[in-house]
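Undergrad: Pasting structure24.pdb here (PDB, C-alpha atoms):
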```pdb
ATOM      1  CA  MET A   1     140.374  26.592  79.984
ATOM      2  CA  LEU A   2     138.695  23.313  80.986
ATOM      3  CA  ALA A   3     135.208  24.630  80.230
ATOM      4  CA  THR A   4     136.419  25.822  76.829
ATOM      5  CA  VAL A   5     137.714  22.326  76.059
ATOM      6  CA  LEU A   6     134.349  20.858  77.107
ATOM      7  CA  HIS A   7     132.633  23.299  74.743
ATOM      8  CA  GLU A   8     135.018  22.590  71.850
ATOM      9  CA  LYS A   9     134.353  18.858  72.243
ATOM     10  CA  GLY A  10     130.577  19.408  72.209
ATOM     11  CA  PHE A  11     129.774  18.551  75.832
ATOM     12  CA  VAL A  12     128.514  21.995  76.873
ATOM     13  CA  GLU A  13     127.055  25.152  75.359
ATOM     14  CA  LYS A  14     129.413  28.108  74.842
ATOM     15  CA  GLU A  15     127.764  30.019  77.734
ATOM     16  CA  TYR A  16     128.819  27.283  80.174
ATOM     17  CA  THR A  17     132.290  28.819  80.534
ATOM     18  CA  HIS A  18     130.923  32.232  81.484
ATOM     19  CA  HIS A  19     128.392  30.693  83.874
ATOM     20  CA  ALA A  20     131.068  28.604  85.621
ATOM     21  CA  ILE A  21     133.237  31.700  86.149
ATOM     22  CA  THR A  22     130.279  33.707  87.454
ATOM     23  CA  ARG A  23     129.316  30.851  89.785
ATOM     24  CA  GLU A  24     132.904  30.650  91.058
ATOM     25  CA  ARG A  25     132.907  34.360  91.903
ATOM     26  CA  MET A  26     129.817  33.839  94.080
ATOM     27  CA  SER A  27     131.358  30.988  96.060
ATOM     28  CA  SER A  28     134.654  29.193  95.602
ATOM     29  CA  THR A  29     134.418  25.518  94.724
ATOM     30  CA  ASN A  30     137.583  24.347  96.424
ATOM     31  CA  ILE A  31     136.720  21.337  98.573
ATOM     32  CA  GLY A  32     139.949  21.106 100.538
ATOM     33  CA  SER A  33     143.278  19.353 100.195
ATOM     34  CA  GLY A  34     144.122  21.275  97.031
ATOM     35  CA  VAL A  35     141.072  20.075  95.065
ATOM     36  CA  ALA A  36     138.482  22.239  93.276
ATOM     37  CA  ILE A  37     135.277  21.225  91.500
ATOM     38  CA  PRO A  38     134.110  24.168  89.372
ATOM     39  CA  HIS A  39     130.846  23.766  87.485
ATOM     40  CA  GLY A  40     128.220  25.739  85.633
ATOM     41  CA  ASN A  41     124.492  25.615  84.992
ATOM     42  CA  PRO A  42     123.341  22.033  84.247
ATOM     43  CA  LYS A  43     120.896  23.417  81.660
ATOM     44  CA  LEU A  44     123.915  24.309  79.502
ATOM     45  CA  ILE A  45     125.220  20.734  79.424
ATOM     46  CA  ARG A  46     124.632  18.629  76.303
ATOM     47  CA  HIS A  47     126.365  15.453  77.557
ATOM     48  CA  SER A  48     127.844  14.786  80.986
ATOM     49  CA  ALA A  49     131.634  14.968  81.185
ATOM     50  CA  ILE A  50     134.439  15.834  83.567
ATOM     51  CA  ALA A  51     137.574  17.664  82.469
ATOM     52  CA  ILE A  52     140.569  17.321  84.792
ATOM     53  CA  ALA A  53     143.684  19.438  85.205
ATOM     54  CA  THR A  54     146.667  19.017  87.466
ATOM     55  CA  MET A  55     148.891  21.950  88.323
ATOM     56  CA  LYS A  56     152.651  21.594  88.554
ATOM     57  CA  ASP A  57     152.550  24.647  90.836
ATOM     58  CA  PRO A  58     149.407  25.216  92.934
ATOM     59  CA  ILE A  59     147.226  28.203  92.010
ATOM     60  CA  GLU A  60     145.191  30.493  94.269
ATOM     61  CA  TRP A  61     141.586  29.305  94.361
ATOM     62  CA  GLY A  62     139.427  31.249  96.750
ATOM     63  CA  SER A  63     141.117  31.020 100.127
ATOM     64  CA  GLU A  64     143.233  28.006  99.254
ATOM     65  CA  LYS A  65     145.908  26.770  96.867
ATOM     66  CA  VAL A  66     144.679  24.158  94.378
ATOM     67  CA  SER A  67     146.635  21.575  92.393
ATOM     68  CA  LEU A  68     143.835  19.300  91.134
ATOM     69  CA  VAL A  69     140.759  20.606  89.293
ATOM     70  CA  PHE A  70     137.738  18.554  88.258
ATOM     71  CA  MET A  71     135.636  20.706  85.890
ATOM     72  CA  LEU A  72     132.217  19.146  86.299
ATOM     73  CA  ALA A  73     129.648  19.175  83.536
ATOM     74  CA  VAL A  74     127.148  16.712  84.950
ATOM     75  CA  LYS A  75     123.506  16.649  83.939
ATOM     76  CA  ASN A  76     121.043  16.235  86.775
ATOM     77  CA  ASP A  77     119.201  13.396  85.029
ATOM     78  CA  ASP A  78     120.121  10.829  87.662
ATOM     79  CA  GLN A  79     120.277  12.288  91.155
ATOM     80  CA  GLU A  80     121.795   9.129  92.643
ATOM     81  CA  ASP A  81     124.660   9.148  90.136
ATOM     82  CA  THR A  82     125.280  12.814  90.947
ATOM     83  CA  ARG A  83     125.283  12.124  94.693
ATOM     84  CA  GLN A  84     127.702   9.226  94.166
ATOM     85  CA  LEU A  85     130.036  11.451  92.144
ATOM     86  CA  PHE A  86     130.125  14.035  94.938
ATOM     87  CA  ARG A  87     130.724  11.315  97.553
ATOM     88  CA  GLU A  88     133.689  10.064  95.533
ATOM     89  CA  LEU A  89     135.089  13.566  95.044
ATOM     90  CA  SER A  90     134.727  14.184  98.769
ATOM     91  CA  PHE A  91     136.521  10.889  99.466
ATOM     92  CA  ILE A  92     139.356  11.903  97.118
ATOM     93  CA  SER A  93     139.722  15.244  98.910
ATOM     94  CA  GLU A  94     140.301  13.305 102.146
ATOM     95  CA  GLN A  95     143.181  11.250 100.656
ATOM     96  CA  PRO A  96     146.291  13.476 100.495
ATOM     97  CA  ALA A  97     148.601  10.674  99.300
ATOM     98  CA  PHE A  98     146.190   9.800  96.474
ATOM     99  CA  ILE A  99     145.950  13.464  95.465
ATOM    100  CA  GLN A 100     149.752  13.761  95.382
ATOM    101  CA  MET A 101     149.970  10.645  93.217
ATOM    102  CA  LEU A 102     147.415  12.100  90.769
ATOM    103  CA  ILE A 103     149.170  15.470  90.616
ATOM    104  CA  LYS A 104     152.493  13.832  89.765
ATOM    105  CA  GLU A 105     151.048  11.550  87.056
ATOM    106  CA  THR A 106     151.904  12.726  83.537
ATOM    107  CA  ASP A 107     150.298   9.948  81.484
ATOM    108  CA  ASN A 108     146.553  10.378  80.895
ATOM    109  CA  MET A 109     145.726   6.668  80.822
ATOM    110  CA  GLN A 110     147.784   5.988  83.953
ATOM    111  CA  PHE A 111     146.020   8.923  85.632
ATOM    112  CA  LEU A 112     142.620   7.425  84.868
ATOM    113  CA  SER A 113     143.718   3.938  85.903
ATOM    114  CA  HIS A 114     144.356   5.213  89.441
ATOM    115  CA  PHE A 115     140.611   5.789  89.832
ATOM    116  CA  HIS A 116     139.824   2.230  88.808
ATOM    117  CA  HIS A 117     142.341   0.844  91.319
ATOM    118  CA  SER A 118     141.302   3.141  94.162
ATOM    119  CA  LYS A 119     137.967   1.381  94.718
TER
END
```
Now that the file is in, can you turn its structure into structure tokens?
TA:
Amino acid sequence: MLATVLHEKGFVEKEYTHHAITRERMSSTNIGSGVAIPHGNPKLIRHSAIAIATMKDPIEWGSEKVSLVFMLAVKNDDQEDTRQLFRELSFISEQPAFIQMLIKETDNMQFLSHFHHSK
């Protein structure tokens, strides 16, 4: 669903959705604490973007239940930016209270403001 939204908004090629699903079948992208970071082939990305979904009820994701999904569509143009993104996602996965706050947030702008205040 998230990859389809990224395609409809022009961030990724149509094939990105299929590639992300295929990649997920090879190895689950859950990173712990109920967080997953699915992604597809960077060659299918037009413009970098991240689509986010929170689940009212956790869903099975590999060997874990997931409530927070960051669908990554990040071009590899700047390796340092990419490394920083993964450091921040890793940090988030180590903050259960922060994750719970994000999952419960229903307002999009409030959701995003939590990231600004978490630094």
Undergrad: Let me have the centre and edge lengths in Å, one decimal, of the box along x, y and z around every listed atom of segment 23-37 of chain A with 4 Å of margin on each side, as lines of an AutoDock Vina configuration file.
TA:
```
center_x = 136.7
center_y = 26.9
center_z = 95.2
size_x = 22.8
size_y = 23.0
size_z = 18.8
```
Undergrad: Using all atoms listed in the file, which protein or nucleic acid residues come within 10 Å of His18 of chain A? Drop anything in the same chain fewer than 4 positions from it, and give the result as a ChimeraX atom specification.
TA: /A:3-4,14,22-24,40-41
Undergrad: For Gly32 of chain A, list every protein, DNA or RNA residue within 8 Å, evaluated using all atoms listed in the file, and leave out those in the same chain fewer than 5 positions away; present the list as a list in words.
TA: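 The neighbour list is Glu64, Ser93 and Glu94 of chain A.
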Undergrad: Could you tell me, as a ChimeraX atom specification, exactly which residues end up selected when the PyMOL selection byres ((chain A and resi 1) around 12) is applied to this structure?
TA: /A:2-8,16-18,20-21,38,51-53,69-71
Undergrad: Using only C-alpha atoms, which of A:Met109, A:Ile103, A:Val74, A:Ala97 sits nearest Ile37 of chain A?
TA: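 Distance minimum relative to Ile37 of chain A lands on A:Val74.
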Undergrad: When distances are computed from all atoms listed in the file, which of A:Phe115, A:Thr29, A:Asn108, A:Ile45 shows the smallest separation from Asn76 of chain A?
TA: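 Checking each candidate against Asn76 of chain A, we get A:Ile45 as the closest.
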Undergrad: Would you mind reading off the distance between atom CA of Lys43 of chain A and atom CA of Leu89 of chain A, one decimal, in Å?
TA: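 The value is 21.9 Å.
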Undergrad: Pick out the residues sitting within 10 Å of Lys56 of chain A, and hand them over as an NGL selection string; count all atoms listed in the file, and ignore anything fewer than 5 positions along from it in its own chain.
TA: :A and (67-68 or 103-104)
Undergrad: Kindly give the distance, in Å, that separates atom CA of Val66 of chain A and atom CA of Ser113 of chain A, rounded to a single decimal.
TA: 21.9 Å
Undergrad: Have a look at A:His114, A:Lys65, A:Lys9, A:His19 and name the one nearest to Ser33 of chain A; count all atoms listed in the file.
TA: A:Lys65
